[in-house]
Each structure stands twice: as C-alpha cells, then as structure tokens.
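S.K.: Structure file input_9.csv (CSV, C-alpha atoms) is given on the next line.
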```csv
chain,number,residue,atom,x,y,z
A,11,MET,CA,123.4,59.6,37.2
A,12,LYS,CA,122.1,60.0,40.8
A,13,LEU,CA,120.4,57.0,42.5
A,14,LEU,CA,118.3,57.0,45.7
A,15,VAL,CA,118.6,53.6,47.3
A,16,THR,CA,116.1,53.1,50.1
A,17,GLY,CA,116.9,50.5,52.7
A,18,GLY,CA,120.5,50.6,51.6
A,19,ALA,CA,121.8,49.5,55.0
A,20,GLY,CA,119.8,46.3,55.0
A,21,PHE,CA,120.7,43.0,53.6
A,22,ILE,CA,119.7,43.3,49.9
A,23,GLY,CA,120.2,47.0,49.8
A,24,SER,CA,123.7,47.1,51.1
A,25,ASN,CA,124.8,44.3,48.8
A,26,PHE,CA,123.3,46.3,45.9
A,27,VAL,CA,125.2,49.4,46.9
A,28,HIS,CA,128.5,47.5,47.0
A,29,TYR,CA,127.7,46.0,43.6
A,30,MET,CA,126.9,49.4,42.1
A,31,ARG,CA,129.9,51.2,43.6
A,32,LYS,CA,132.1,48.6,41.9
A,33,ARG,CA,130.3,48.5,38.6
A,34,TYR,CA,129.4,52.1,38.1
A,35,PRO,CA,131.9,54.2,40.1
A,36,LYS,CA,130.8,57.4,38.5
A,37,TYR,CA,127.2,57.1,39.7
A,38,GLU,CA,126.2,59.1,42.7
A,39,ILE,CA,124.4,57.1,45.3
A,40,VAL,CA,122.2,58.4,48.1
A,41,ILE,CA,121.2,55.9,50.7
A,42,LEU,CA,118.1,56.5,52.8
A,43,ASP,CA,117.7,54.0,55.7
A,44,ALA,CA,115.7,54.2,59.0
A,45,PHE,CA,118.2,52.0,60.8
A,46,THR,CA,115.5,49.9,62.4
A,47,TYR,CA,116.7,46.6,63.9
A,48,ALA,CA,117.6,45.2,60.5
A,49,GLY,CA,119.6,48.2,59.3
A,50,ASN,CA,123.3,47.9,60.1
A,51,ALA,CA,126.0,50.5,59.6
A,52,ALA,CA,128.6,47.8,59.5
A,53,ASN,CA,127.1,46.6,56.2
A,54,LEU,CA,128.5,49.8,54.6
A,55,ALA,CA,131.7,50.2,56.6
A,56,SER,CA,134.0,49.5,53.7
A,57,ILE,CA,132.6,52.5,51.7
A,58,GLN,CA,134.7,55.6,52.5
A,59,THR,CA,132.7,58.6,53.8
A,60,SER,CA,135.2,60.8,52.0
A,61,ASP,CA,133.8,59.6,48.7
A,62,ASP,CA,131.8,62.5,47.3
A,63,LYS,CA,129.7,60.2,45.2
A,64,TYR,CA,128.2,58.4,48.2
A,65,SER,CA,126.0,59.8,51.0
A,66,LEU,CA,124.0,58.2,53.8
A,67,VAL,CA,120.9,59.7,55.3
A,68,LYS,CA,119.3,58.3,58.4
A,69,GLY,CA,115.5,58.7,58.1
A,70,ASP,CA,112.2,57.0,57.5
A,71,ILE,CA,110.5,56.7,54.1
A,72,THR,CA,107.2,57.7,55.7
A,73,ASN,CA,108.7,61.1,56.5
A,74,ARG,CA,107.3,63.1,53.6
A,75,GLU,CA,109.3,66.3,54.4
A,76,LEU,CA,112.6,64.4,54.5
A,77,VAL,CA,111.8,62.5,51.3
A,78,ASN,CA,110.9,65.6,49.4
A,79,ARG,CA,114.1,67.4,50.5
A,80,LEU,CA,116.1,64.5,49.1
A,81,PHE,CA,114.3,64.5,45.8
A,82,GLU,CA,114.7,68.3,45.5
A,83,GLN,CA,118.5,67.6,45.2
A,84,GLY,CA,117.9,65.9,41.9
A,85,ILE,CA,117.3,62.2,42.0
A,86,ASP,CA,117.3,60.4,38.6
A,87,ILE,CA,116.5,56.8,39.7
A,88,VAL,CA,114.9,55.3,42.7
A,89,VAL,CA,115.7,51.7,43.7
A,90,HIS,CA,113.3,50.9,46.5
A,91,PHE,CA,114.4,48.2,48.9
A,92,ALA,CA,113.2,49.6,52.2
A,93,ALA,CA,110.6,47.3,53.8
A,94,GLU,CA,109.7,45.5,57.0
A,95,SER,CA,110.5,42.1,55.6
A,96,HIS,CA,110.1,39.4,58.3
A,97,VAL,CA,106.9,37.3,58.1
A,98,ASP,CA,106.9,36.5,61.9
A,99,ARG,CA,107.3,40.2,62.7
A,100,SER,CA,104.4,41.0,60.4
A,101,ILE,CA,102.2,38.6,62.3
A,102,ARG,CA,103.2,40.2,65.7
A,103,VAL,CA,103.0,43.9,64.6
A,104,PRO,CA,101.2,44.1,61.3
A,105,ASP,CA,100.5,47.9,61.7
A,106,VAL,CA,104.3,48.6,61.7
A,107,VAL,CA,104.7,46.6,58.5
A,108,MET,CA,101.8,48.2,56.7
A,109,LYS,CA,103.0,51.7,57.6
A,110,THR,CA,106.5,51.2,56.2
A,111,ASN,CA,105.7,48.9,53.2
A,112,VAL,CA,102.5,50.6,52.0
A,113,SER,CA,102.4,54.2,53.3
A,114,GLY,CA,106.2,54.6,52.9
A,115,THR,CA,106.0,53.4,49.3
A,116,GLN,CA,103.3,56.0,48.6
A,117,VAL,CA,105.4,58.8,50.0
A,118,LEU,CA,108.2,57.8,47.7
A,119,LEU,CA,105.9,57.5,44.7
A,120,ASP,CA,104.4,61.0,45.4
A,121,ALA,CA,107.9,62.5,45.4
A,122,ALA,CA,108.9,60.6,42.3
A,123,VAL,CA,105.9,62.0,40.4
A,124,LYS,CA,106.4,65.5,41.8
A,125,PHE,CA,110.1,65.7,41.0
A,126,GLY,CA,110.0,63.7,37.7
A,127,VAL,CA,112.4,60.8,38.3
A,128,LYS,CA,113.5,58.9,35.2
A,129,ARG,CA,112.9,55.4,36.7
A,130,PHE,CA,111.4,53.9,39.8
A,131,VAL,CA,112.5,50.3,40.5
A,132,HIS,CA,110.3,48.7,43.1
A,133,ILE,CA,111.9,45.6,44.8
A,134,SER,CA,109.1,43.1,45.7
A,135,THR,CA,108.9,39.4,46.5
A,136,ASP,CA,107.5,36.1,45.2
A,137,GLU,CA,105.5,35.9,48.4
A,138,VAL,CA,102.8,38.2,46.9
A,139,TYR,CA,101.8,35.2,44.7
A,140,GLY,CA,100.8,33.0,47.7
A,141,THR,CA,101.7,29.4,47.6
A,142,LEU,CA,102.2,26.6,45.1
A,143,GLY,CA,101.4,23.0,45.0
A,144,GLU,CA,103.9,20.3,44.2
A,145,THR,CA,104.1,21.4,40.6
A,146,GLY,CA,104.1,24.7,38.7
A,147,LEU,CA,106.0,28.0,38.9
A,148,PHE,CA,105.1,31.6,39.6
A,149,THR,CA,105.0,33.7,36.4
A,150,GLU,CA,104.5,37.4,36.1
A,151,GLU,CA,100.9,36.7,35.2
A,152,THR,CA,100.2,34.7,38.4
A,153,PRO,CA,97.4,36.4,40.3
A,154,LEU,CA,98.4,38.0,43.6
A,155,ALA,CA,97.2,35.9,46.6
A,156,PRO,CA,99.3,36.9,49.7
A,157,ASN,CA,98.9,34.7,52.8
A,158,SER,CA,100.7,36.7,55.5
A,159,PRO,CA,100.5,40.4,56.5
A,160,TYR,CA,104.0,40.9,55.1
A,161,ALA,CA,103.1,39.5,51.8
A,162,ALA,CA,99.8,41.5,51.7
A,163,SER,CA,101.7,44.7,52.4
A,164,LYS,CA,104.1,44.0,49.6
A,165,ALA,CA,101.2,43.2,47.2
A,166,GLY,CA,99.6,46.4,48.3
A,167,SER,CA,102.8,48.4,47.5
A,168,ASP,CA,103.1,46.6,44.1
A,169,LEU,CA,99.6,47.7,43.2
A,170,LEU,CA,100.4,51.3,44.3
A,171,VAL,CA,103.4,51.3,42.0
A,172,ARG,CA,101.3,50.0,39.1
A,173,ALA,CA,98.6,52.6,39.8
A,174,TYR,CA,101.1,55.5,39.8
A,175,HIS,CA,102.4,54.3,36.4
A,176,THR,CA,98.9,54.0,35.0
A,177,THR,CA,97.5,57.2,36.6
A,178,PHE,CA,100.5,59.6,36.6
A,179,GLY,CA,102.7,58.1,33.9
A,180,LEU,CA,105.5,57.4,36.4
A,181,PRO,CA,108.2,55.2,34.7
A,182,VAL,CA,108.2,52.2,37.1
A,183,MET,CA,109.4,48.6,37.0
A,184,ILE,CA,108.7,45.9,39.6
A,185,THR,CA,110.9,43.0,40.4
A,186,ARG,CA,109.7,39.9,42.4
A,187,CYS,CA,112.5,37.8,43.7
A,188,SER,CA,112.7,34.4,45.3
A,189,ASN,CA,114.5,33.9,48.7
A,190,ASN,CA,117.8,35.6,48.9
A,191,TYR,CA,120.9,34.5,50.7
A,192,GLY,CA,124.5,35.7,51.0
A,193,PRO,CA,126.6,38.1,53.1
A,194,TYR,CA,125.1,40.6,55.5
A,195,GLN,CA,121.8,38.9,56.0
A,196,PHE,CA,120.3,39.6,59.4
A,197,PRO,CA,120.4,36.4,61.5
A,198,GLU,CA,116.6,36.2,62.0
A,199,LYS,CA,116.3,34.6,58.5
A,200,LEU,CA,116.6,30.9,57.9
A,201,ILE,CA,120.1,30.5,56.5
A,202,PRO,CA,122.1,33.0,58.7
A,203,LEU,CA,120.1,31.9,61.8
A,204,MET,CA,121.0,28.2,61.2
A,205,ILE,CA,124.6,29.1,60.5
A,206,VAL,CA,125.1,31.2,63.6
A,207,ASN,CA,123.2,28.8,65.8
A,208,ALA,CA,125.3,25.9,64.5
A,209,LEU,CA,128.5,27.8,65.0
A,210,ASN,CA,127.4,28.3,68.6
A,211,ASP,CA,126.2,24.7,69.1
A,212,ARG,CA,122.7,25.9,69.7
A,213,LEU,CA,119.5,24.3,68.6
A,214,LEU,CA,118.4,24.9,65.1
A,215,PRO,CA,114.6,25.7,65.1
A,216,VAL,CA,112.8,24.2,62.1
A,217,TYR,CA,109.1,25.0,61.5
A,218,GLY,CA,106.6,22.1,61.2
A,219,ASP,CA,108.0,19.1,59.3
A,220,GLY,CA,110.8,21.1,57.6
A,221,LEU,CA,109.6,20.3,54.1
A,222,HIS,CA,108.5,23.8,53.1
A,223,ILE,CA,110.2,24.6,49.7
A,224,ARG,CA,111.8,27.8,48.6
A,225,ASP,CA,113.7,28.8,45.5
A,226,TRP,CA,117.0,30.3,46.6
A,227,LEU,CA,118.8,33.2,44.9
A,228,TYR,CA,122.4,34.2,45.6
A,229,MET,CA,122.7,37.9,46.4
A,230,GLU,CA,125.2,38.7,43.6
A,231,ASP,CA,122.9,37.2,41.0
A,232,HIS,CA,120.0,39.3,42.4
A,233,CYS,CA,122.0,42.5,42.2
A,234,HIS,CA,123.0,41.7,38.6
A,235,ALA,CA,119.3,41.2,37.7
A,236,ILE,CA,118.3,44.6,39.3
A,237,ASP,CA,121.1,46.2,37.4
A,238,LEU,CA,119.7,44.9,34.1
A,239,VAL,CA,116.2,45.9,34.9
A,240,LEU,CA,117.3,49.4,36.0
A,241,HIS,CA,119.2,50.0,32.7
A,242,ARG,CA,117.4,47.9,30.2
A,243,GLY,CA,114.0,47.0,31.6
A,244,ILE,CA,110.8,48.0,29.9
A,245,VAL,CA,108.8,50.7,31.8
A,246,GLY,CA,105.6,49.3,33.4
A,247,GLU,CA,106.8,45.7,33.4
A,248,VAL,CA,107.2,43.1,36.2
A,249,TYR,CA,110.2,40.8,36.2
A,250,ASN,CA,110.5,37.7,38.2
A,251,ILE,CA,113.9,36.8,39.5
A,252,GLY,CA,114.7,33.3,40.7
A,253,GLY,CA,117.7,31.2,41.3
A,254,ASN,CA,116.3,27.9,40.0
A,255,ASN,CA,117.4,26.3,43.3
A,256,GLU,CA,114.4,24.8,45.0
A,257,ARG,CA,115.3,23.3,48.4
A,258,THR,CA,113.3,22.2,51.4
A,259,ASN,CA,114.1,23.9,54.7
A,260,MET,CA,115.4,20.6,56.0
A,261,ASP,CA,117.8,20.4,53.0
A,262,ILE,CA,119.1,23.8,53.9
A,263,VAL,CA,119.6,22.9,57.6
A,264,GLN,CA,121.3,19.6,56.8
A,265,THR,CA,123.7,21.2,54.3
A,266,ILE,CA,124.8,23.8,56.9
A,267,LEU,CA,125.3,21.1,59.5
A,268,ARG,CA,127.4,19.0,57.2
A,269,GLN,CA,129.6,21.8,56.0
A,270,LEU,CA,130.2,23.0,59.6
A,271,GLU,CA,130.6,19.4,60.8
A,272,LYS,CA,127.9,19.7,63.4
A,273,PRO,CA,125.5,16.9,64.5
A,274,ASP,CA,121.9,16.4,63.3
A,275,SER,CA,120.9,16.4,67.0
A,276,LEU,CA,121.0,20.2,66.9
A,277,ILE,CA,117.8,20.1,64.8
A,278,HIS,CA,114.8,21.1,66.9
A,279,TYR,CA,111.3,21.0,65.4
A,280,VAL,CA,109.0,23.9,66.5
A,281,PRO,CA,105.2,24.5,65.8
A,282,ASP,CA,104.6,25.7,62.3
A,283,ARG,CA,104.2,29.4,61.5
A,284,PRO,CA,100.6,30.5,61.0
A,285,GLY,CA,99.7,30.8,57.2
A,286,HIS,CA,103.1,29.2,56.3
A,287,ASP,CA,103.2,28.9,52.5
A,288,ARG,CA,104.2,25.4,51.4
A,289,ARG,CA,106.2,26.1,48.3
A,290,TYR,CA,107.5,28.9,46.2
A,291,GLY,CA,109.0,28.5,42.7
A,292,ILE,CA,109.9,31.2,40.3
A,293,ASP,CA,109.8,31.2,36.5
A,294,ALA,CA,112.5,33.7,35.5
A,295,ALA,CA,112.1,33.1,31.7
A,296,LYS,CA,111.0,36.6,31.0
A,297,ILE,CA,114.0,38.4,32.4
A,298,THR,CA,116.2,35.8,30.7
A,299,ARG,CA,114.5,36.2,27.4
A,300,GLU,CA,114.2,40.0,27.4
A,301,LEU,CA,117.3,41.1,29.3
A,302,GLY,CA,119.6,38.2,29.0
A,303,TRP,CA,119.9,37.5,32.7
A,304,GLN,CA,121.1,34.2,34.0
A,305,PRO,CA,122.2,33.2,37.6
A,306,LYS,CA,125.9,32.6,37.8
A,307,TYR,CA,125.9,30.9,41.1
A,308,ASP,CA,124.7,27.3,41.5
A,309,TRP,CA,123.4,26.2,44.9
A,310,GLU,CA,126.5,24.4,46.0
A,311,THR,CA,128.8,27.4,45.3
A,312,GLY,CA,126.5,30.0,46.7
A,313,ILE,CA,125.8,28.2,50.0
A,314,ARG,CA,129.5,27.3,50.5
A,315,GLU,CA,130.5,30.9,50.0
A,316,THR,CA,127.7,32.1,52.3
A,317,ILE,CA,128.6,29.8,55.1
A,318,GLN,CA,132.3,30.7,54.8
A,319,TRP,CA,131.4,34.4,55.0
A,320,TYR,CA,129.7,33.9,58.3
A,321,VAL,CA,132.6,31.8,59.6
A,322,ASP,CA,135.1,34.5,58.6
A,323,HIS,CA,133.0,37.4,60.0
A,324,PRO,CA,132.1,36.5,63.6
A,325,ASP,CA,132.5,40.1,64.8
A,326,TRP,CA,129.7,41.2,62.4
A,327,TRP,CA,127.1,38.7,63.7
A,328,LYS,CA,128.2,38.7,67.3
A,329,ARG,CA,127.6,42.5,67.5
A,330,ILE,CA,124.1,41.8,66.2
A,331,LEU,CA,123.5,39.1,68.8
A,332,THR,CA,124.5,41.4,71.6
A,333,GLY,CA,122.7,44.4,70.2
A,334,GLU,CA,126.0,46.4,70.1
A,335,TYR,CA,125.5,47.1,66.4
A,336,GLN,CA,122.6,49.4,67.1
A,337,HIS,CA,124.9,51.8,69.0
A,338,GLU,CA,127.6,52.1,66.3
A,339,SER,CA,128.1,55.4,64.4
A,340,LEU,CA,127.2,55.7,60.8
A,341,PRO,CA,130.1,55.3,58.3
```
Please express the file's structure as structure tokens.

M.R.:
Amino acid sequence: MKLLVTGGAGFIGSNFVHYMRKRYPKYEIVILDAFTYAGNAANLASIQTSDDKYSLVKGDITNRELVNRLFEQGIDIVVHFAAESHVDRSIRVPDVVMKTNVSGTQVLLDAAVKFGVKRFVHISTDEVYGTLGETGLFTEETPLAPNSPYAASKAGSDLLVRAYHTTFGLPVMITRCSNNYGPYQFPEKLIPLMIVNALNDRLLPVYGDGLHIRDWLYMEDHCHAIDLVLHRGIVGEVYNIGGNNERTNMDIVQTILRQLEKPDSLIHYVPDRPGHDRRYGIDAAKITRELGWQPKYDWETGIRETIQWYVDHPDWWKRILTGEYQHESLP
C-alpha cells in the first residue's frame, strides 16, 4: 500500500505519519509538503531517511506538474491534510489561503482521477458549519455556513471533493474534525501559544471575553479516527470527529496557568477577532456507530500530556520563535 500524505510536515499531518509508521510499518508513505511557515522538518526528525518505505518531497500542491509526477509513481491512497489553516492569516491574506486550499485541492483531485487512486481522504474542519448557539451539535447533515475566509476555503474544497465523487466517480471520504491539540502544534494556535507564553512569563492574549467555546480533540484520537475512515469508511460519506470536550478559551488558559504554576495576571484581553464563531460542538455519533471509533483521551489526560510535551521540548519551539527552524535541512 502506498500513501501520499499532503501537508505531512505540519501539525496534524506529521502526527498522522508517526501514527501510520508505527501501526502499518509495511506501508510506503510519500509526504508532500511546501514547508511554508507552518511546515517543520523537526516534526519528522525521528523518521530515518534510510527507511525505503518513507520519502519526503518538498513542493506545493498547486504545482500540477510535480503532483502528476508523484501520482505516476503509483499512489494508492491520498490523505489530504495540506492547507493554510490559520483564521487570522486568512483574514490578512485570503488570496493565499484560497489558492492552497481550493486550487491545490483541485490539482490533487485531477491527478487522483487521472491515475485512478483507490481512496481520497480529505481532512476538513468543523468550521465549515459556521457557529452554534448555546445548545445543539454539528452533524454531518448541518448546512455549510462558513464565517471566515479560511472556513469558506475549506467548505469550497469539501464541495470540490464531493463534486469529483459525483461527477467522476472518485472514491472520496471527508472528515470534519473539532479543534486539535497535542505535540508539534505550531505556536500560533491557542494551546501551544498559551503554553509557550506562560513558560516565558509573557502575556497570554485572549480574544474578546474569553468565553468562545470549542470542542477539543487530542491528536492521537484524531489519527485513529482517520485510520478507521481510510480502511473502513464508506466511499462518498462525511464523518465528523470530535473529542466531546467542550471548553471555553478561558478554561483552556486557566488550566495551562494552573499546571505551570503561573499567575492569572498574565492573562491579557485583546479585541475580538472579526467574524469569531462563538461555539463549535461536534456530534461524532456516526463514526462511532459505523466504524466503532471512540476517543481514548479525556480532557484532563490530553492537556496534561500536551503541556508536558512542550515543557520537555523547549528546543523545538524555541527554534520556531527564532525562525531557525526554517533554515534546517530536511530529514
């Protein structure tokens, strides 16, 4: 079995590669990553380059010639993580986000159709559904109603994937996950940003009133869910993946401060993000019912292990803060 993992040097992608190498050592894995600011060679440093079942290609998913060359080598399954995934960045430079998330996905889909891949697993987000009130959960039948350029770009790519299944018969599956956390997450996102700032006794910026709610999913649980979808999912279906761990941003910040024994005086409220969705909540009943998936990590265990990982790996995040990581050679 030969997998193409796009965005495999990023947060979710690199965790998935590590997961698959352990669980399926006979699988051949080709990673395609553009190594933009969020791609980090250190995320894959523990994988030996001498391993003939692993290869890493630096390149952009919008590069049709490069993508076609990779597919010509015989790709069985595509697991598509590659995306510009930061909401604030999508507000500042929406054209960059649209090019990667929409046009890049189309290039991959065209190659998948041309070269007859067996499965195309598209990794999306619960942000495509928009926002929730105080009650209710997103299901796979919830209408798409994105509220940021990032969410709109992911909704657009979701619809492209669906269209290629309907029009060309491409065997696709879409997963929509809640907020992920765990090792190797770039410190622009909430949890690693707060951990790193707290470790450095810097202010912790909190949007608005800090009461925006997200459902948090530990990375290992997410990788397990994708594994099940990849091997047992029904072609053409969408699967929501959530950790059943709804927390306010302020809950997150205070948990981190308590575990690191830092004072609440580090909390610094900043103006709210434009179009900031108030609440996300995932109904993961479908993937549980059809594929038997259940999250193994409760919130207390997952956040404790995550905080400890950043405490134990200061060299990893310090190289990001200085920008040194962008000049490191590929593994």

S.K.: Go through A:Glu150, A:Glu38, A:Glu137, A:Glu310 one by one, measure the shortest atom-to-atom distance of each to Lys296 in chain A using all atoms listed in the file, and give the residue with the smallest value.

M.R.: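 Using all atoms listed in the file, the shortest distance to Lys296 in chain A belongs to A:Glu150.
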
S.K.: Calculated over all atoms listed in the file, which of the candidates A:Gly312, A:Gly253, A:Gly243, A:Pro215 has the smallest distance to Arg283 in chain A?

M.R.: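 Selected residue with least distance to Arg283 in chain A: A:Pro215.
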
S.K.: In the coordinate frame of the file, compute which residues have an atom within 12 Å of (117.7, 48.3, 34.3) when using all atoms listed in the file, and state them as a PyMOL selection string.

M.R.: chain A and resi 87-89+128-132+181-185+233-245+247-249+297+300-303

S.K.: Which polymer residues have any atom within 9 Å of an atom of Val40 in chain A, counting all atoms listed in the file, with same-chain residues fewer than 2 positions away left out, as a list in words?

M.R.: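 Close residues of Val40 in chain A: Lys12, Leu13, Leu14, Val15, Thr16, Gly18, Glu38, Leu42, Lys63, Tyr64, Ser65, Leu66, Val67, Leu80 and Ile85 of chain A.
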
S.K.: Please determine, counting all atoms listed in the file, which residue among A:Asp62, A:Asp211, A:Glu256, A:Asp219 has the shortest atom-to-atom distance to Thr145 in chain A.

M.R.: A:Glu256

S.K.: For a quick check of understanding, using all atoms listed in the file, which of A:Tyr228, A:Tyr160, A:Tyr217, A:Tyr279 has the smallest distance to Val107 in chain A?

M.R.: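 Closest residue, counting all atoms listed in the file: A:Tyr160.
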
S.K.: Rounded to one decimal place, report the CA of Ala294 in chain A-CA of Glu198 in chain A distance in Å.

M.R.: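 Spanning CA of Ala294 in chain A to CA of Glu198 in chain A is a straight-line distance of 26.9 Å.
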
S.K.: Within 9 Å of Ile317 in chain A, counting only C-alpha atoms, which residues show up once you throw out same-chain ones fewer than 4 positions away? Write them as a list in words, please.

M.R.: Gly192, Pro193, Ile201, Pro202, Ile205, Ile266, Gln269, Leu270, Gly312, Ile313, Val321 and Asp322 of chain A

S.K.: Range 170-202 of chain A near range 116-121 of chain A within 10 Å: what's each residue's closest atom pair and its distance in Å to one decimal, counting all atoms listed in the file, ordered by chain then ascending residue number, as JSON lines?

M.R.:
```
{"residue": "A:Leu170", "atom": "CA", "partner": "A:Gln116", "partner_atom": "CA", "distance": 7.0}
{"residue": "A:Val171", "atom": "CA", "partner": "A:Leu119", "partner_atom": "CA", "distance": 7.2}
{"residue": "A:Tyr174", "atom": "CA", "partner": "A:Leu119", "partner_atom": "CA", "distance": 7.1}
{"residue": "A:His175", "atom": "CA", "partner": "A:Leu119", "partner_atom": "CA", "distance": 9.6}
{"residue": "A:Phe178", "atom": "CA", "partner": "A:Asp120", "partner_atom": "CA", "distance": 9.7}
{"residue": "A:Leu180", "atom": "CA", "partner": "A:Leu119", "partner_atom": "CA", "distance": 8.3}
{"residue": "A:Val182", "atom": "CA", "partner": "A:Leu119", "partner_atom": "CA", "distance": 9.5}
```

S.K.: With C-alpha atoms retained, could you export that selection as an mmCIF file, keeping the file's coordinate frame?

M.R.:
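Okay, this is what ended up in part_1.cif:
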```cif
data_model
loop_
_atom_site.group_PDB
_atom_site.id
_atom_site.type_symbol
_atom_site.label_atom_id
_atom_site.label_comp_id
_atom_site.auth_asym_id
_atom_site.auth_seq_id
_atom_site.Cartn_x
_atom_site.Cartn_y
_atom_site.Cartn_z
ATOM 1 C CA LEU A 170 100.400 51.300 44.300
ATOM 2 C CA VAL A 171 103.400 51.300 42.000
ATOM 3 C CA TYR A 174 101.100 55.500 39.800
ATOM 4 C CA HIS A 175 102.400 54.300 36.400
ATOM 5 C CA PHE A 178 100.500 59.600 36.600
ATOM 6 C CA LEU A 180 105.500 57.400 36.400
ATOM 7 C CA VAL A 182 108.200 52.200 37.100
#
```

S.K.: Smallest atom-to-atom distance to Ser113 in chain A: which of A:His323, A:Ser95, A:Ala161, A:Gly166, using all atoms listed in the file?

M.R.: A:Gly166

S.K.: Rank nothing, just name the residue among A:Leu154, A:Ala165, A:Leu147, A:Leu214 nearest to Val112 in chain A, using all atoms listed in the file.

M.R.: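 Of the candidates, the smallest distance to Val112 in chain A is held by A:Ala165.
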
S.K.: Please indicate the distance in Å from CA of His278 in chain A to CA of Phe196 in chain A, rounded to one decimal place.

M.R.: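 It comes out at 20.7 Å.
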